[in-house]
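Heads up, the thing below is written out as structure tokens.
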Amino acid sequence: MAEQTATPVIRESTKADSAVVRDALGVGIAVGLSGFAFGVTSAGSGLSLLQTCVLSLLVFTGASQFALVGALAAGGNPFTAAAGAFFLGTRNAFYGLRLSQLLALPRAAKPFAAQWVIDETAAVALAQPTRRAARIGFTVTGLTLYVLWNLTTLLGALGAEAIGDTDAWGLDAAGPAVFLALLAPMLKTATERYTAGIAVVLGLGLLPVLPAGVPVLGAALAAPAVLWLRGRRIGGADEADGIDETSEENNR
């Protein structure tokens, strides 16, 4: 009897839709509740209820929103504060480039999906093994976070007077803490860790000497600085290899 060999079947890595929804809801709810801290901080920095809510509805990127109201609360120039928040938010454009390929959404849906391209939706979507799972993760995270963030922003702004001094509660640290918690697991290579570390040093070092809102712009110099140093290091290594090869050929 001829020996029969079973043909191996290669299946694409899958993940149950319920598991994706559970993970997405967890991120959306956990981060969405921090909108309360933004609402309180924004109202405490002098913005009106309408201005606070419009920021969350239209800007919808927590790190930039906290950077803006934080700079205003510290007495910074509105244009400088807005510039710092803008440049901090440009990272979402890079998320969008990757998510556009991954999600492959219909053209009509892309303008609406663009509003939800933020740290949390990108982190959940990029962690999924399939396009279907990525779409579910992106949609559930985005919808949950958008609704909760705006609702808790409203509640926070309305309750700012009852809370009193926001500095005493330390609510201004909630936004940066959430951002760092999301960023830390993504720093997988030495280059990424060096960039983040130098950015922290630059931001903290420039804080006492520059107007509010400007240090975050200075911290952005960490990326080109690390890339330049990395390029020089690779170039030096290549040059050393070339010298070794030339010496070896001359010795033959």
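Numbering starts fresh at 1 for the residues of each chain in the structure tokens, the chains themselves are lettered A, B, ... in the order given, and ligands are numbered from 1 as they appear.
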Notebook entry, point to check: Skipping near chain neighbours, those fewer than 6 positions away, what residues fall within 10 Å of Leu105 in chain A using only C-alpha atoms, listed as number ranges by chain?
Noted result: A: 99, 113, 135
Nearby residues (only C-alpha atoms) at most 8 Å from Ala24 in chain A, same-chain spacing under 3 positions excluded, as an mmCIF file with C-alpha atoms, in the first residue's frame:
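Listing of around_25.cif after writing:
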```cif
data_model
loop_
_atom_site.group_PDB
_atom_site.id
_atom_site.type_symbol
_atom_site.label_atom_id
_atom_site.label_comp_id
_atom_site.auth_asym_id
_atom_site.auth_seq_id
_atom_site.Cartn_x
_atom_site.Cartn_y
_atom_site.Cartn_z
ATOM 1 C CA VAL A 20 -10.892 42.092 19.273
ATOM 2 C CA VAL A 21 -14.015 43.913 20.474
ATOM 3 C CA VAL A 27 -8.704 50.702 25.517
ATOM 4 C CA GLY A 28 -11.587 52.961 24.507
ATOM 5 C CA VAL A 124 -5.193 48.504 18.563
ATOM 6 C CA GLY A 137 -10.429 47.085 16.396
ATOM 7 C CA PHE A 138 -10.090 50.497 14.769
ATOM 8 C CA VAL A 140 -14.756 49.911 18.046
ATOM 9 C CA THR A 141 -11.865 51.778 19.655
#
```
Contact check, range 88-146 of chain A to range 45-62 of chain A, at most 9 Å, counting only C-alpha atoms, closest pairs as CSV:
```
residue,atom,partner,partner_atom,distance
A:Gly89,CA,A:Thr61,CA,7.1
A:Asn92,CA,A:Thr61,CA,8.7
A:Gln115,CA,A:Phe60,CA,7.4
A:Trp116,CA,A:Phe60,CA,7.8
A:Val117,CA,A:Thr61,CA,8.7
A:Ile118,CA,A:Thr61,CA,6.3
A:Asp119,CA,A:Thr61,CA,8.2
A:Tyr146,CA,A:Phe60,CA,7.5
```
Next item on the list: In Å, rounded to a single decimal, give me how far CA of Leu102 in chain A is from CA of Arg22 in chain A.
Entry: 20.5 Å
Note to self: Just checking: using only C-alpha atoms, which residue out of A:Ala43, A:Leu180, A:Ala83, A:Leu151 ends up closest to Gly218 in chain A?
What the structure shows: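 Among A:Ala43, A:Leu180, A:Ala83, A:Leu151, it is A:Ala83 that comes nearest to Gly218 in chain A.
Counting only C-alpha atoms, the residue from A:Gly84, A:Leu187, A:Gly231, A:Glu120 that sits nearest to Leu145 in chain A is A:Glu120.
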Check: For the atom pair CA of Arg91 in chain A and CA of Gly44 in chain A, what is the interatomic distance in Å to one decimal place?
Finding: 27.2 Å
Next item on the list: Just list the residues in range 71-156 of chain A DSSP gives alpha helix (DSSP H) on the backbone, as a count of residues only.
Entry: 67
Note to self: as a count of residues only, please: the residues near Ser42 in chain A (cut-off 10 Å, only C-alpha atoms, same-chain neighbours under 6 positions excluded).
What the structure shows: 20
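Using only C-alpha atoms, the residues found no farther than 8 Å from range 191-195 of chain A, other than those of its own chain fewer than 2 positions away, are A:Leu187, A:Lys188, A:Thr189, A:Gly197, A:Ile198, A:Ala199, A:Ala222, A:Ala223, A:Val226.
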Could you save the residues just selected, with C-alpha atoms, as a short mmCIF file (atom, residue, chain, number, x, y, z; two decimals), in the first residue's frame?
```
data_model
loop_
_atom_site.label_atom_id
_atom_site.label_comp_id
_atom_site.auth_asym_id
_atom_site.auth_seq_id
_atom_site.Cartn_x
_atom_site.Cartn_y
_atom_site.Cartn_z
CA LEU A 187 9.63 51.56 21.93
CA LYS A 188 11.08 48.24 20.78
CA THR A 189 14.37 49.25 19.16
CA GLY A 197 14.95 59.58 26.00
CA ILE A 198 16.58 62.55 24.26
CA ALA A 199 13.14 64.09 23.66
CA ALA A 222 15.43 64.48 19.09
CA ALA A 223 14.32 62.53 16.00
CA VAL A 226 19.28 60.48 16.52
#
```
Check: Which residues come within 8 Å of Thr152 in chain A, counting only C-alpha atoms, excluding same-chain residues fewer than 5 positions away, as a list in words?
Finding: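 Surrounding residues, per the criterion: Gly32, Leu33, Ser34, Gly35, Phe36 and Gly39 of chain A.
Comparing A:Asp23, A:Phe112, A:Ala220, A:Gly205 by their smallest distance to Ala125 in chain A, the closest is A:Asp23 (using only C-alpha atoms).
Compared by their closest atoms to Gly26 in chain A, and using only C-alpha atoms, the residues A:Thr144, A:Ala71, A:Ala82, A:Val214 rank with A:Thr144 nearest.
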